[in-house]
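What follows is the content of start-v4.txt (compact mmCIF, C-alpha atoms).
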```txt
# COMPACT_ATOMS: atom_id res chain seq x y z
CA MET X 161 95.80 -13.19 -135.12
CA GLU X 162 95.49 -15.03 -138.39
CA GLN X 163 95.37 -13.15 -141.69
CA PRO X 164 92.33 -13.93 -143.84
CA ASN X 165 93.05 -15.63 -147.12
CA HIS X 166 92.05 -13.11 -149.80
CA LEU X 167 92.04 -15.73 -152.54
CA SER X 168 89.19 -17.54 -150.82
CA GLU X 169 86.99 -14.52 -151.55
CA TYR X 170 87.14 -15.42 -155.26
CA ILE X 171 85.81 -18.96 -154.82
CA PRO X 172 82.13 -17.97 -155.39
CA ILE X 173 83.09 -16.14 -158.59
CA LEU X 174 85.10 -19.12 -159.84
CA MET X 175 82.23 -21.46 -158.97
CA GLN X 176 79.77 -19.29 -160.90
CA PHE X 177 82.13 -19.20 -163.87
CA ALA X 178 82.54 -22.99 -163.74
CA VAL X 179 78.78 -23.57 -163.59
CA GLY X 180 78.19 -21.16 -166.50
CA ALA X 181 80.94 -22.69 -168.63
CA GLY X 182 79.74 -26.20 -167.75
CA PHE X 183 76.20 -25.32 -168.80
CA VAL X 184 77.36 -23.94 -172.14
CA ILE X 185 79.63 -26.88 -172.88
CA THR X 186 77.01 -29.44 -171.80
CA THR X 187 74.32 -27.79 -173.92
CA MET X 188 76.52 -27.62 -177.00
CA VAL X 189 77.68 -31.23 -176.69
CA ALA X 190 74.15 -32.50 -175.98
CA THR X 191 72.61 -30.71 -178.96
CA HIS X 192 75.42 -31.94 -181.21
CA TYR X 193 74.93 -35.58 -180.29
CA LEU X 194 71.18 -35.66 -179.62
CA GLY X 195 69.94 -33.33 -182.37
CA PRO X 196 68.72 -34.47 -185.79
CA LYS X 197 71.33 -34.85 -188.52
CA ARG X 198 69.45 -34.39 -191.78
CA LYS X 199 71.67 -32.59 -194.26
CA THR X 200 69.85 -31.58 -197.39
CA ALA X 201 70.88 -29.27 -200.21
CA ASP X 202 68.43 -26.63 -198.95
CA LYS X 203 69.86 -26.70 -195.41
CA LEU X 204 73.45 -26.45 -196.62
CA GLU X 205 72.71 -23.43 -198.84
CA ALA X 206 73.66 -19.96 -197.59
CA PHE X 207 70.66 -18.13 -196.13
CA GLU X 208 70.42 -14.45 -195.32
CA CYS X 209 67.17 -12.94 -194.07
CA GLY X 210 65.01 -14.85 -196.53
CA ILE X 211 66.64 -13.21 -199.54
CA ASP X 212 68.20 -15.41 -202.20
CA SER X 213 71.95 -15.04 -202.54
CA LYS X 214 73.18 -13.30 -205.69
CA GLY X 215 76.68 -12.70 -206.94
CA ASN X 216 79.87 -12.31 -204.98
CA ALA X 217 79.74 -11.78 -201.21
CA ARG X 218 82.80 -9.53 -201.40
CA LEU X 219 81.08 -6.52 -202.95
CA PRO X 220 82.35 -3.21 -201.58
CA PHE X 221 79.91 -0.95 -199.77
CA SER X 222 80.04 2.39 -198.03
CA ILE X 223 82.46 2.92 -195.18
CA LYS X 224 79.78 5.05 -193.48
CA TYR X 225 78.26 1.92 -191.94
CA PHE X 226 81.52 0.97 -190.23
CA LEU X 227 82.21 4.54 -189.17
CA THR X 228 78.79 4.86 -187.55
CA ALA X 229 79.20 1.51 -185.78
CA ILE X 230 82.65 2.41 -184.46
CA LEU X 231 81.45 5.82 -183.26
CA PHE X 232 78.50 4.20 -181.52
CA VAL X 233 80.77 1.74 -179.71
CA LEU X 234 83.22 4.51 -178.82
CA PHE X 235 80.61 6.77 -177.24
CA ASP X 236 78.77 3.85 -175.67
CA VAL X 237 81.91 2.65 -173.91
CA GLU X 238 82.76 6.18 -172.84
CA LEU X 239 79.31 6.61 -171.32
CA ILE X 240 79.80 3.44 -169.27
CA PHE X 241 82.15 5.49 -167.10
CA LEU X 242 79.21 7.63 -165.99
CA TYR X 243 77.59 4.82 -163.97
CA PRO X 244 80.39 4.28 -161.41
CA TRP X 245 80.73 8.02 -161.02
CA ALA X 246 77.00 8.40 -160.37
CA MET X 247 77.09 5.55 -157.83
CA SER X 248 79.97 7.15 -155.90
CA PHE X 249 78.91 10.77 -156.38
CA LYS X 250 78.83 11.56 -152.64
CA GLU X 251 82.23 9.95 -151.97
CA VAL X 252 84.13 11.72 -154.76
CA GLY X 253 82.84 15.15 -153.79
CA PHE X 254 83.36 18.35 -155.69
CA ALA X 255 86.72 17.24 -157.13
CA GLY X 256 85.04 14.21 -158.70
CA PHE X 257 82.32 16.46 -160.10
CA ILE X 258 84.91 18.74 -161.74
CA GLU X 259 86.78 15.74 -163.17
CA MET X 260 83.57 14.34 -164.66
CA MET X 261 82.70 17.71 -166.18
CA ILE X 262 86.15 17.76 -167.83
CA PHE X 263 85.54 14.22 -169.09
CA MET X 264 82.12 15.22 -170.45
CA ALA X 265 83.63 18.32 -172.10
CA VAL X 266 86.18 16.14 -173.92
CA LEU X 267 83.35 13.83 -175.03
CA LEU X 268 81.31 16.81 -176.21
CA MET X 269 84.27 18.20 -178.16
CA GLY X 270 84.73 14.82 -179.87
CA PHE X 271 81.01 14.67 -180.70
CA ILE X 272 81.07 18.21 -182.13
CA TYR X 273 84.17 17.28 -184.16
CA ILE X 274 82.52 14.26 -185.78
CA ILE X 275 79.41 16.29 -186.55
CA LYS X 276 81.51 19.05 -188.17
CA LYS X 277 83.40 16.44 -190.23
CA GLY X 278 80.06 15.08 -191.47
CA ALA X 279 80.67 11.56 -190.17
CA LEU X 280 77.00 11.09 -189.29
CA LYS X 281 75.56 12.40 -192.56
CA TRP X 282 74.14 9.82 -194.94
CA GLU X 283 73.85 10.71 -198.62
```
This entry written out as structure tokens:
Amino acid sequence: MEQPNHLSEYIPILMQFAVGAGFVITTMVATHYLGPKRKTADKLEAFECGIDSKGNARLPFSIKYFLTAILFVLFDVELIFLYPWAMSFKEVGFAGFIEMMIFMAVLLMGFIYIIKKGALKWE
């Protein structure tokens, strides 16, 4: 009996990746060569949300913005782990349920900690 080639199972994924990458590359090259090339002073000027630029772009601002963004990403990524658990809830049984409750307790403790530290308070 012949063993199936496990690498052949990845061919559809590689084909999809190649088609996606080919589309992106083709689109970028086509727009670069076929698009209009009118460079004016107005087009080369920095533009941000319709507001005229003033002063230095390196002005310091509150670290609260970065802290909130990092905390959002942290808890968002942690919550991604809930989906596979929910999809395999019947297979993992009671042990999986206990493990997820421990995971959620750790998340809750971290959330309570950042609230107590005032990381989400804006002055």
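The space separating atom CA of X:Thr200 from atom CA of X:Arg218 comes to 25.9 Å.
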Per residue of stretch 175-252 of chain X within 9 Å of stretch 261-276 of chain X, record the nearest atom pair and its distance in Å to one decimal, counting all atoms listed in the file, with rows in chain order and ascending residue number, as a tab-separated table.
```
residue	atom	partner	partner_atom	distance
X:Leu231	CA	X:Ile274	CA	8.9
X:Phe235	CA	X:Leu267	CA	7.9
X:Glu238	CA	X:Leu267	CA	8.0
```
Same residues, C-alpha atoms, saved as a compact mmCIF listing (two decimals), in the frame of the given file:
```
# COMPACT_ATOMS: atom_id res chain seq x y z
CA LEU X 231 81.45 5.82 -183.26
CA PHE X 235 80.61 6.77 -177.24
CA GLU X 238 82.76 6.18 -172.84
```
Box dimensions and centre (Å, one decimal) enclosing stretch 230-243 of chain X, axis-aligned, 4 Å extra per side, as lines of an AutoDock Vina configuration file:
```
center_x = 80.4
center_y = 4.7
center_z = -174.2
size_x = 13.6
size_y = 13.9
size_z = 28.5
```
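Nearest to X:Leu239 of all the residues X:Met188, X:Leu227, X:Leu280, X:Met260 is X:Met260, based on all atoms listed in the file.
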Coordinates-based distance that separates atom CA of X:Lys277 from atom CA of X:Lys224 (Å, one decimal) | 12.4 Å
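Across the structure, atom CA of X:Ile223 and atom CA of X:Ala279 are spaced 10.1 Å apart.
When all atoms listed in the file are used to compute distances to X:Trp282, the closest of the residues X:Phe257, X:Trp245, X:Thr228, X:Val233 turns out to be X:Thr228.
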